[in-house]
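Student: File upload34.json below, JSON, C-alpha atoms:
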[["chain", "number", "residue", "atom", "x", "y", "z"],
["A", 1, "MET", "CA", 128.39, 136.28, 145.37],
["A", 2, "PRO", "CA", 125.26, 136.39, 147.50],
["A", 3, "ARG", "CA", 124.37, 139.06, 150.04],
["A", 4, "ARG", "CA", 124.28, 137.75, 153.59],
["A", 5, "ARG", "CA", 122.19, 138.98, 156.51],
["A", 6, "ARG", "CA", 122.97, 142.57, 157.39],
["A", 7, "HIS", "CA", 122.37, 142.14, 161.12],
["A", 8, "ARG", "CA", 125.51, 143.20, 162.97],
["A", 9, "LEU", "CA", 125.92, 139.87, 164.71],
["A", 10, "ALA", "CA", 125.61, 137.89, 161.49],
["A", 11, "GLY", "CA", 127.82, 140.24, 159.54],
["A", 12, "ALA", "CA", 131.02, 138.43, 160.38],
["A", 13, "ALA", "CA", 129.70, 135.34, 158.64],
["A", 14, "ALA", "CA", 128.88, 137.35, 155.54],
["A", 15, "CYS", "CA", 132.42, 137.25, 154.17],
["A", 16, "LEU", "CA", 132.23, 133.56, 153.22],
["A", 17, "VAL", "CA", 129.71, 132.78, 150.49],
["A", 18, "LEU", "CA", 128.81, 130.45, 147.66],
["A", 19, "THR", "CA", 130.58, 130.65, 144.30],
["A", 20, "GLY", "CA", 133.03, 128.76, 142.05],
["A", 21, "SER", "CA", 133.67, 125.01, 141.67],
["A", 22, "ALA", "CA", 133.40, 122.04, 144.02],
["A", 23, "ALA", "CA", 135.60, 120.55, 146.74],
["A", 24, "THR", "CA", 135.40, 117.31, 148.73],
["A", 25, "GLY", "CA", 135.12, 116.26, 152.39],
["A", 26, "CYS", "CA", 136.08, 113.21, 154.40],
["A", 27, "GLY", "CA", 135.00, 111.30, 157.52],
["A", 28, "SER", "CA", 136.51, 109.11, 160.22],
["A", 29, "GLU", "CA", 135.82, 105.81, 161.98],
["A", 30, "LEU", "CA", 135.64, 105.03, 165.71],
["A", 31, "ALA", "CA", 135.44, 101.77, 167.62],
["A", 32, "VAL", "CA", 132.04, 101.90, 169.27],
["A", 33, "THR", "CA", 129.53, 99.80, 171.23],
["A", 34, "ALA", "CA", 125.76, 100.19, 171.05],
["A", 35, "VAL", "CA", 124.28, 101.13, 174.41],
["A", 36, "ALA", "CA", 120.67, 100.12, 173.79],
["A", 37, "ASP", "CA", 118.42, 98.32, 171.33],
["A", 38, "GLY", "CA", 114.93, 98.77, 169.91],
["A", 39, "ASP", "CA", 112.53, 101.01, 171.81],
["A", 40, "ASP", "CA", 115.11, 101.41, 174.59],
["A", 41, "ALA", "CA", 117.53, 102.90, 172.06],
["A", 42, "ALA", "CA", 114.95, 105.42, 170.85],
["A", 43, "THR", "CA", 114.17, 106.48, 174.41],
["A", 44, "TYR", "CA", 117.85, 106.69, 175.33],
["A", 45, "VAL", "CA", 118.84, 108.67, 172.25],
["A", 46, "ASN", "CA", 115.96, 111.12, 172.63],
["A", 47, "ALA", "CA", 116.96, 111.69, 176.24],
["A", 48, "LYS", "CA", 120.60, 112.17, 175.26],
["A", 49, "PHE", "CA", 119.68, 114.73, 172.62],
["A", 50, "ALA", "CA", 117.56, 116.60, 175.17],
["A", 51, "ASP", "CA", 120.44, 116.52, 177.65],
["A", 52, "THR", "CA", 122.84, 117.76, 174.97],
["A", 53, "LEU", "CA", 120.66, 120.75, 174.13],
["A", 54, "LYS", "CA", 120.34, 121.62, 177.82],
["A", 55, "THR", "CA", 124.09, 121.24, 178.33],
["A", 56, "LEU", "CA", 124.76, 123.44, 175.32],
["A", 57, "SER", "CA", 122.60, 126.20, 176.74],
["A", 58, "GLU", "CA", 124.43, 125.99, 180.07],
["A", 59, "ASP", "CA", 127.89, 125.69, 178.51],
["A", 60, "PHE", "CA", 127.65, 128.71, 176.24],
["A", 61, "GLN", "CA", 127.03, 131.35, 178.91],
["A", 62, "GLY", "CA", 130.66, 132.43, 179.08],
["A", 63, "THR", "CA", 131.56, 130.38, 182.15],
["A", 64, "GLU", "CA", 134.30, 128.25, 180.58],
["A", 65, "ASP", "CA", 137.34, 128.97, 178.46],
["A", 66, "ARG", "CA", 136.92, 127.27, 175.11],
["A", 67, "ALA", "CA", 138.54, 127.01, 171.69],
["A", 68, "SER", "CA", 136.69, 125.50, 168.75],
["A", 69, "THR", "CA", 136.86, 124.97, 165.01],
["A", 70, "THR", "CA", 133.95, 124.87, 162.58],
["A", 71, "ASP", "CA", 134.51, 123.61, 159.04],
["A", 72, "LYS", "CA", 131.75, 124.47, 156.56],
["A", 73, "TYR", "CA", 131.35, 123.23, 153.01],
["A", 74, "ALA", "CA", 128.16, 123.53, 151.00],
["A", 75, "ARG", "CA", 127.30, 123.21, 147.36],
["A", 76, "VAL", "CA", 124.25, 123.64, 145.15],
["A", 77, "ASP", "CA", 125.09, 122.52, 141.63],
["A", 78, "ASP", "CA", 128.21, 124.49, 140.64],
["A", 79, "GLN", "CA", 127.91, 127.13, 143.37],
["A", 80, "TRP", "CA", 129.83, 126.38, 146.56],
["A", 81, "MET", "CA", 131.47, 127.69, 149.70],
["A", 82, "ASP", "CA", 134.27, 126.35, 151.85],
["A", 83, "SER", "CA", 135.28, 128.10, 155.07],
["A", 84, "THR", "CA", 136.75, 127.54, 158.51],
["A", 85, "ILE", "CA", 135.82, 129.45, 161.64],
["A", 86, "THR", "CA", 138.20, 129.27, 164.57],
["A", 87, "ALA", "CA", 136.90, 130.71, 167.83],
["A", 88, "VAL", "CA", 138.37, 131.44, 171.26],
["A", 89, "GLN", "CA", 136.60, 132.39, 174.47],
["A", 90, "VAL", "CA", 138.74, 133.30, 177.50],
["A", 91, "GLY", "CA", 138.00, 134.75, 180.94],
["A", 92, "ARG", "CA", 134.98, 135.93, 182.92],
["A", 93, "PRO", "CA", 133.43, 138.02, 181.55],
["A", 94, "PRO", "CA", 134.70, 136.44, 178.35],
["A", 95, "ALA", "CA", 136.94, 137.98, 175.75],
["A", 96, "ARG", "CA", 136.07, 136.47, 172.38],
["A", 97, "LEU", "CA", 137.80, 136.12, 169.04],
["A", 98, "SER", "CA", 136.43, 134.49, 165.89],
["A", 99, "LYS", "CA", 138.32, 134.11, 162.62],
["A", 100, "ASN", "CA", 136.08, 133.43, 159.63],
["A", 101, "HIS", "CA", 138.36, 132.51, 156.72],
["A", 102, "SER", "CA", 137.60, 131.25, 153.24],
["A", 103, "ASN", "CA", 139.45, 128.11, 152.17],
["A", 104, "LYS", "CA", 139.03, 129.16, 148.55],
["A", 105, "ASP", "CA", 140.52, 132.64, 148.70],
["A", 106, "SER", "CA", 143.13, 133.48, 151.33],
["A", 107, "THR", "CA", 142.36, 137.21, 151.01],
["A", 108, "GLU", "CA", 138.71, 136.72, 152.00],
["A", 109, "TYR", "CA", 138.35, 136.83, 155.76],
["A", 110, "LEU", "CA", 136.88, 138.80, 158.62],
["A", 111, "ASP", "CA", 138.15, 138.44, 162.19],
["A", 112, "VAL", "CA", 135.97, 139.70, 165.06],
["A", 113, "PHE", "CA", 137.51, 140.54, 168.44],
["A", 114, "HIS", "CA", 135.56, 141.59, 171.54],
["A", 115, "PRO", "CA", 137.77, 142.43, 174.54],
["A", 116, "ALA", "CA", 136.20, 141.49, 177.85],
["A", 117, "GLY", "CA", 133.69, 144.11, 178.94],
["A", 118, "SER", "CA", 134.41, 146.41, 176.01],
["A", 119, "PRO", "CA", 131.56, 148.59, 174.66],
["A", 120, "VAL", "CA", 132.87, 147.98, 171.13],
["A", 121, "GLU", "CA", 134.15, 145.06, 169.13],
["A", 122, "TYR", "CA", 136.81, 145.16, 166.45],
["A", 123, "LEU", "CA", 136.70, 143.70, 162.95],
["A", 124, "LEU", "CA", 139.91, 142.97, 161.06],
["A", 125, "LEU", "CA", 139.34, 143.20, 157.31],
["A", 126, "GLY", "CA", 141.03, 140.77, 154.96],
["A", 127, "PRO", "CA", 142.46, 142.18, 151.71],
["A", 128, "ALA", "CA", 139.24, 141.30, 149.87],
["A", 129, "TYR", "CA", 137.46, 143.88, 152.05],
["A", 130, "GLU", "CA", 140.14, 146.54, 152.45],
["A", 131, "SER", "CA", 138.17, 148.98, 150.28],
["A", 132, "LEU", "CA", 135.47, 149.14, 152.98],
["A", 133, "ALA", "CA", 137.58, 151.29, 155.30],
["A", 134, "PRO", "CA", 140.81, 153.34, 155.20],
["A", 135, "THR", "CA", 142.21, 151.34, 158.14],
["A", 136, "PRO", "CA", 142.81, 147.59, 158.66],
["A", 137, "TRP", "CA", 140.28, 147.51, 161.53],
["A", 138, "VAL", "CA", 136.78, 148.87, 162.04],
["A", 139, "SER", "CA", 134.92, 149.02, 165.33],
["A", 140, "THR", "CA", 131.19, 148.67, 165.98],
["A", 141, "PRO", "CA", 129.11, 149.04, 169.16],
["A", 142, "HIS", "CA", 128.96, 145.72, 171.00],
["A", 143, "THR", "CA", 125.33, 144.69, 171.34],
["A", 144, "GLY", "CA", 125.86, 140.92, 171.40],
["A", 145, "GLY", "CA", 124.80, 140.62, 175.02],
["A", 146, "GLN", "CA", 121.26, 141.52, 174.00],
["A", 147, "TYR", "CA", 120.94, 138.39, 171.89],
["A", 148, "GLY", "CA", 122.69, 135.69, 173.91],
["A", 149, "PRO", "CA", 125.86, 133.68, 173.18],
["A", 150, "CYS", "CA", 124.40, 131.93, 170.14],
["A", 151, "ALA", "CA", 124.48, 135.25, 168.29],
["A", 152, "TRP", "CA", 128.29, 135.22, 168.44],
["A", 153, "GLU", "CA", 130.02, 134.00, 165.31],
["A", 154, "GLY", "CA", 131.92, 131.35, 167.24],
["A", 155, "TYR", "CA", 128.71, 129.70, 168.45],
["A", 156, "ARG", "CA", 126.14, 130.59, 165.79],
["A", 157, "ASP", "CA", 126.75, 127.51, 163.65],
["A", 158, "VAL", "CA", 126.75, 124.95, 166.45],
["A", 159, "CYS", "CA", 123.60, 126.48, 167.94],
["A", 160, "ALA", "CA", 121.87, 126.29, 164.56],
["A", 161, "MET", "CA", 122.98, 122.66, 164.12],
["A", 162, "LEU", "CA", 121.67, 121.63, 167.52],
["A", 163, "ASN", "CA", 118.46, 123.59, 167.06],
["A", 164, "ALA", "CA", 117.87, 121.62, 163.85],
["A", 165, "VAL", "CA", 118.51, 118.37, 165.73],
["A", 166, "GLY", "CA", 116.14, 119.40, 168.50],
["A", 167, "GLN", "CA", 113.36, 120.26, 166.05],
["A", 168, "ALA", "CA", 113.81, 116.99, 164.16],
["A", 169, "VAL", "CA", 113.72, 114.96, 167.38],
["A", 170, "GLU", "CA", 110.59, 116.78, 168.58],
["A", 171, "GLN", "CA", 108.87, 115.94, 165.30],
["A", 172, "GLY", "CA", 109.83, 112.27, 165.70],
["A", 173, "GLY", "CA", 111.72, 109.76, 163.61],
["A", 174, "ALA", "CA", 115.07, 111.58, 163.59],
["A", 175, "THR", "CA", 117.03, 109.40, 166.00],
["A", 176, "LYS", "CA", 118.87, 106.30, 164.86],
["A", 177, "GLN", "CA", 121.24, 105.02, 167.51],
["A", 178, "ALA", "CA", 123.50, 105.77, 170.46],
["A", 179, "LYS", "CA", 126.94, 104.27, 171.04],
["A", 180, "SER", "CA", 129.50, 104.22, 173.82],
["A", 181, "LEU", "CA", 133.01, 105.40, 172.96],
["A", 182, "PRO", "CA", 136.29, 104.86, 174.81],
["A", 183, "GLY", "CA", 136.75, 107.01, 177.91],
["A", 184, "GLY", "CA", 133.06, 107.23, 178.75],
["A", 185, "ALA", "CA", 132.14, 109.34, 175.73],
["A", 186, "THR", "CA", 128.87, 108.85, 173.87],
["A", 187, "GLU", "CA", 128.09, 109.09, 170.16],
["A", 188, "LEU", "CA", 124.58, 109.95, 168.98],
["A", 189, "ILE", "CA", 123.50, 109.37, 165.38],
["A", 190, "ALA", "CA", 120.48, 110.97, 163.74],
["A", 191, "GLU", "CA", 119.00, 111.78, 160.35],
["A", 192, "ILE", "CA", 117.84, 115.38, 159.91],
["A", 193, "PRO", "CA", 115.48, 116.25, 157.03],
["A", 194, "LEU", "CA", 116.95, 118.82, 154.67],
["A", 195, "ARG", "CA", 113.81, 120.89, 155.18],
["A", 196, "ILE", "CA", 114.64, 121.34, 158.89],
["A", 197, "PHE", "CA", 118.29, 122.04, 158.10],
["A", 198, "LEU", "CA", 117.21, 124.88, 155.82],
["A", 199, "GLU", "CA", 114.51, 126.19, 158.15],
["A", 200, "ASN", "CA", 117.08, 126.57, 160.91],
["A", 201, "ARG", "CA", 119.47, 128.39, 158.55],
["A", 202, "VAL", "CA", 122.35, 126.14, 159.54],
["A", 203, "ILE", "CA", 123.95, 127.49, 156.37],
["A", 204, "ILE", "CA", 122.37, 130.58, 154.85],
["A", 205, "PHE", "CA", 121.72, 130.16, 151.14],
["A", 206, "PRO", "CA", 120.63, 132.93, 148.74],
["A", 207, "ASP", "CA", 117.10, 132.63, 147.40],
["A", 208, "ARG", "CA", 118.31, 131.96, 143.86],
["A", 209, "LEU", "CA", 119.94, 128.72, 145.11],
["A", 210, "LEU", "CA", 117.10, 127.74, 147.44],
["A", 211, "LYS", "CA", 114.78, 127.79, 144.44],
["A", 212, "LYS", "CA", 116.77, 124.89, 143.02],
["A", 213, "VAL", "CA", 115.99, 122.67, 146.03],
["A", 214, "THR", "CA", 112.71, 120.89, 145.35],
["A", 215, "GLU", "CA", 110.14, 119.79, 147.92],
["A", 216, "GLU", "CA", 111.07, 116.19, 147.22],
["A", 217, "MET", "CA", 114.72, 116.94, 147.94],
["A", 218, "LYS", "CA", 113.77, 118.65, 151.21],
["A", 219, "SER", "CA", 112.29, 115.35, 152.42],
["A", 220, "GLU", "CA", 115.68, 113.63, 152.13],
["A", 221, "THR", "CA", 117.92, 113.49, 155.19],
["A", 222, "ILE", "CA", 121.35, 114.64, 156.32],
["A", 223, "ASP", "CA", 123.42, 112.33, 158.53],
["A", 224, "THR", "CA", 124.24, 113.92, 161.88],
["A", 225, "ARG", "CA", 126.70, 112.76, 164.52],
["A", 226, "ILE", "CA", 127.01, 114.23, 168.00],
["A", 227, "GLU", "CA", 129.79, 113.25, 170.38],
["A", 228, "LEU", "CA", 129.62, 113.94, 174.12],
["A", 229, "ASP", "CA", 132.58, 113.58, 176.46],
["A", 230, "GLY", "CA", 132.51, 111.52, 179.66],
["A", 231, "ALA", "CA", 130.89, 114.43, 181.52],
["A", 232, "GLY", "CA", 128.12, 114.68, 178.93],
["A", 233, "LYS", "CA", 129.41, 117.90, 177.38],
["A", 234, "LEU", "CA", 129.42, 118.54, 173.67],
["A", 235, "ARG", "CA", 132.70, 117.64, 171.99],
["A", 236, "THR", "CA", 131.76, 117.37, 168.30],
["A", 237, "ILE", "CA", 128.77, 117.75, 166.03],
["A", 238, "GLU", "CA", 128.92, 117.12, 162.31],
["A", 239, "MET", "CA", 126.40, 117.01, 159.47],
["A", 240, "ASN", "CA", 127.09, 115.35, 156.13],
["A", 241, "GLY", "CA", 124.86, 114.71, 153.18],
["A", 242, "THR", "CA", 124.52, 114.63, 149.40],
["A", 243, "ILE", "CA", 121.03, 114.95, 147.95],
["A", 244, "THR", "CA", 120.27, 114.80, 144.26],
["A", 245, "GLY", "CA", 117.12, 115.64, 142.36],
["A", 246, "GLU", "CA", 116.55, 118.42, 139.88],
["A", 247, "SER", "CA", 119.74, 119.84, 141.38],
["A", 248, "ARG", "CA", 122.60, 118.54, 143.51],
["A", 249, "PHE", "CA", 122.88, 119.62, 147.15],
["A", 250, "GLU", "CA", 125.89, 118.82, 149.35],
["A", 251, "VAL", "CA", 126.80, 119.79, 152.89],
["A", 252, "ARG", "CA", 129.80, 118.95, 155.09],
["A", 253, "MET", "CA", 129.92, 120.66, 158.49],
["A", 254, "LYS", "CA", 131.88, 119.88, 161.62],
["A", 255, "TYR", "CA", 132.08, 121.79, 164.90],
["A", 256, "GLN", "CA", 134.75, 120.52, 167.27],
["A", 257, "VAL", "CA", 135.86, 121.73, 170.70],
["A", 258, "GLN", "CA", 139.64, 121.75, 170.91],
["A", 259, "GLN", "CA", 141.18, 119.78, 173.77],
["A", 260, "GLU", "CA", 143.83, 122.37, 174.57],
["A", 261, "GLN", "CA", 142.54, 125.22, 176.72],
["A", 262, "PRO", "CA", 143.05, 128.70, 175.24],
["A", 263, "THR", "CA", 144.73, 131.54, 177.12],
["A", 264, "GLU", "CA", 144.89, 135.30, 176.72],
["A", 265, "THR", "CA", 147.96, 134.82, 174.51],
["A", 266, "ASP", "CA", 145.56, 133.47, 171.86],
["A", 267, "LEU", "CA", 143.88, 136.89, 171.65],
["A", 268, "PRO", "CA", 145.14, 139.88, 169.68],
["A", 269, "LYS", "CA", 146.01, 143.21, 171.29],
["A", 270, "VAL", "CA", 143.45, 145.98, 171.13],
["A", 271, "PRO", "CA", 144.37, 147.85, 167.94],
["A", 272, "ALA", "CA", 145.74, 151.36, 168.16],
["A", 273, "ARG", "CA", 143.31, 154.19, 167.55],
["A", 274, "ASP", "CA", 144.90, 155.18, 164.24],
["A", 275, "GLU", "CA", 144.37, 151.62, 162.97],
["A", 276, "VAL", "CA", 140.60, 151.68, 163.57],
["A", 277, "THR", "CA", 137.70, 153.25, 161.68],
["A", 278, "ALA", "CA", 134.88, 153.72, 164.20],
["A", 279, "LEU", "CA", 131.35, 152.87, 163.05],
["A", 280, "SER", "CA", 129.59, 154.54, 165.92],
["A", 281, "ASP", "CA", 125.89, 154.22, 165.05],
["A", 282, "ARG", "CA", 123.44, 151.87, 163.36],
["A", 283, "ALA", "CA", 123.43, 153.82, 160.12],
["A", 284, "ALA", "CA", 127.21, 153.53, 159.78],
["A", 285, "VAL", "CA", 127.14, 149.81, 160.60],
["A", 286, "ARG", "CA", 124.31, 149.20, 158.14],
["A", 287, "ASP", "CA", 126.16, 151.09, 155.41],
["A", 288, "PHE", "CA", 129.30, 149.03, 156.09],
["A", 289, "TYR", "CA", 127.48, 145.73, 155.63],
["A", 290, "ASP", "CA", 125.55, 147.03, 152.63],
["A", 291, "ARG", "CA", 128.85, 147.80, 150.94],
["A", 292, "MET", "CA", 130.23, 144.41, 151.97],
["A", 293, "GLY", "CA", 127.20, 142.80, 150.33],
["A", 294, "GLU", "CA", 127.83, 144.74, 147.14],
["A", 295, "LEU", "CA", 131.43, 143.50, 147.09],
["A", 296, "GLN", "CA", 130.25, 139.94, 147.50],
["A", 297, "GLU", "CA", 127.62, 140.18, 144.80],
["A", 298, "GLY", "CA", 130.20, 141.55, 142.43],
["A", 299, "GLY", "CA", 132.73, 138.81, 143.25]]
Written as structure tokens, how would this file's structure read?

Tutor:
Amino acid sequence: MPRRRRHRLAGAAACLVLTGSAATGCGSELAVTAVADGDDAATYVNAKFADTLKTLSEDFQGTEDRASTTDKYARVDDQWMDSTITAVQVGRPPARLSKNHSNKDSTEYLDVFHPAGSPVEYLLLGPAYESLAPTPWVSTPHTGGQYGPCAWEGYRDVCAMLNAVGQAVEQGGATKQAKSLPGGATELIAEIPLRIFLENRVIIFPDRLLKKVTEEMKSETIDTRIELDGAGKLRTIEMNGTITGESRFEVRMKYQVQQEQPTETDLPKVPARDEVTALSDRAAVRDFYDRMGELQEGG
């Protein structure tokens, strides 16, 4: 299994990687009405994408309670990953919990909990990683505030998806159409070149798999759908595509904000001291993720 980035903030994502045999995804249909045609549609959609990116930046500053789910499936030939990240943000300053669980192996997960204002965050190790520490939890210094909310596991994927959309729109030709949905919501449809998807590391692939993706394949596009609620806030973004060439590339991703507001009851209790192995400096944190990478490569 491939080594993931060793950066502390990306480490939580490292537990879900590409290996094994394939799975499938599915979509849904909505009754919709086009809101513009021709050049007006292009102008409208570009403006909506710009508004969405701005709203995202404003939304993800810890000012609102939020629960979300991100489903991720990717495949290159016979190597694949399938995971779900559930995330909760509650309070001001926010307490945050992300649960990154493999849908292939129930023992492969890493939950990350940062109590509001805490100088450390806690990582709950799934059974696949229990050899990394003598306790069920480890703690690391919390440095997430230095990098902004998009560094958090619960937001990293949606930020990367919208960054890819923004880059594609800036380069022109990405937008397709905008539609009105019931209740004042808006649906935006775009095609994102695979090249931009990969450049923005929406899903992080090991080099050995990236080498299988040809330049011709990178020019093909991934269908992207963004849904805004009646207030113009992001409700859903999904990317779906199958591209074939010298190899076969598939991606199915969906980030969705849950309608029900989370509360503090959705957060775990701070673990007892005897349940936690403290990784108090950079060297200890780096060693932890190095050993996690070795477990993954040997899996």

Student: Restricting the calculation to only C-alpha atoms: of A:Gly241, A:Gly184, A:Pro268, A:Gly154, which residue gets closest to Gln256 of chain A?

Tutor: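 Comparing A:Gly241, A:Gly184, A:Pro268, A:Gly154 against Gln256 of chain A, the winner is A:Gly154.
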
Student: What is the distance, in Å and to one decimal place, between atom CA of Ala74 of chain A and atom CA of Val202 of chain A?

Tutor: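 About the pair atom CA of Ala74 of chain A and atom CA of Val202 of chain A: they are 10.7 Å apart.
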
Student: Please, what distance in Å, to one decimal, runs between atom CA of Gly293 of chain A and atom CA of Tyr129 of chain A?

Tutor: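 Spanning atom CA of Gly293 of chain A to atom CA of Tyr129 of chain A is a straight-line distance of 10.5 Å.
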
Student: Give me the residues near segment 105-114 of chain A as a list in words, where near means some atom within 6 Å (using only C-alpha atoms) and where sequence neighbours in that chain fewer than 5 positions away do not count.

Tutor: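 Contacts, with the query itself left out: Ala95, Arg96, Leu97, Ser98, Lys99, Asn100, Glu121, Tyr122, Leu123, Leu124, Leu125, Gly126, Pro127 and Ala128 of chain A.
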
Student: In Å, with one decimal, what is the gap from atom CA of Thr186 of chain A to atom CA of Thr263 of chain A?

Tutor: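 Answer for the atom CA of Thr186 of chain A to atom CA of Thr263 of chain A separation: 27.9 Å.
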
Student: Is there a way to get, as number ranges by chain, all residues within 6 Å of the point (126.9, 116.1, 171.4) in file coordinates, counting all atoms listed in the file?

Tutor: A: 52, 226-228, 234, 236-237

Student: List the spatial neighbours of Ala133 of chain A as a list in words - criterion: any atom at most 10 Å away, all atoms listed in the file, same-chain residues fewer than 4 positions off excluded.

Tutor: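 These residues fall inside the cut-off: Leu125, Tyr129, Trp137, Val138, Val276, Thr277, Ala278 and Phe288 of chain A.
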
Student: Could you dump the residues just selected with C-alpha atoms as a short mmCIF file (atom, residue, chain, number, x, y, z; two decimals), in the frame of the given file?

Tutor:
data_model
loop_
_atom_site.label_atom_id
_atom_site.label_comp_id
_atom_site.auth_asym_id
_atom_site.auth_seq_id
_atom_site.Cartn_x
_atom_site.Cartn_y
_atom_site.Cartn_z
CA LEU A 125 139.34 143.20 157.31
CA TYR A 129 137.46 143.88 152.05
CA TRP A 137 140.28 147.51 161.53
CA VAL A 138 136.78 148.87 162.04
CA VAL A 276 140.60 151.68 163.57
CA THR A 277 137.70 153.25 161.68
CA ALA A 278 134.88 153.72 164.20
CA PHE A 288 129.30 149.03 156.09
#

Student: May I ask which of the residues A:Thr140, A:Ser68, A:Ser118, A:Ser131 is the closest one to Glu294 of chain A, counting all atoms listed in the file?

Tutor: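 Between A:Thr140, A:Ser68, A:Ser118, A:Ser131, the residue approaching Glu294 of chain A most closely is A:Ser131.
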
Student: Can you tell me which residues surround Thr221 of chain A at a distance of at most 6 Å, considering only C-alpha atoms, apart from same-chain residues fewer than 3 positions away, and format the answer as a list in words?

Tutor: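 Close residues of Thr221 of chain A: Glu191, Ile192, Pro193 and Leu194 of chain A.
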
Student: Go through A:Arg286, A:Gln79, A:Tyr73, A:Thr224 and flag the residue nearest Arg208 of chain A, using only C-alpha atoms for the distances.

Tutor: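 Nearest candidate to Arg208 of chain A out of A:Arg286, A:Gln79, A:Tyr73, A:Thr224: A:Gln79.
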
Student: Do a neighbour search on Lys104 of chain A at 8 Å with all atoms listed in the file, toss out local chain neighbours closer than 5 positions, and write the hits as a PDB file with C-alpha atoms, in the coordinates of the input.

Tutor:
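out-v5.pdb was written with the following content:
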ATOM      1  CA  MET A  81     131.470 127.690 149.700  1.00  0.00           C
ATOM      2  CA  ASP A  82     134.270 126.350 151.850  1.00  0.00           C
ATOM      3  CA  SER A  83     135.280 128.100 155.070  1.00  0.00           C
TER       4      SER A  83
END

Student: Env of Ala185 of chain A: 9 Å cut, atoms = all atoms listed in the file, seq-sep filter 3 positions within chain, self excluded. Answer as a list of chain:residue names.

Tutor: A:Lys179, A:Ser180, A:Leu181, A:Pro182, A:Glu227, A:Leu228, A:Asp229, A:Gly230, A:Ala231, A:Gly232

Student: Using all atoms listed in the file, can you tell me which of A:Tyr155, A:Asn103, A:Ser139, A:Val76 comes closest to Glu246 of chain A?

Tutor: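 Among the listed residues, A:Val76 lies closest to Glu246 of chain A.
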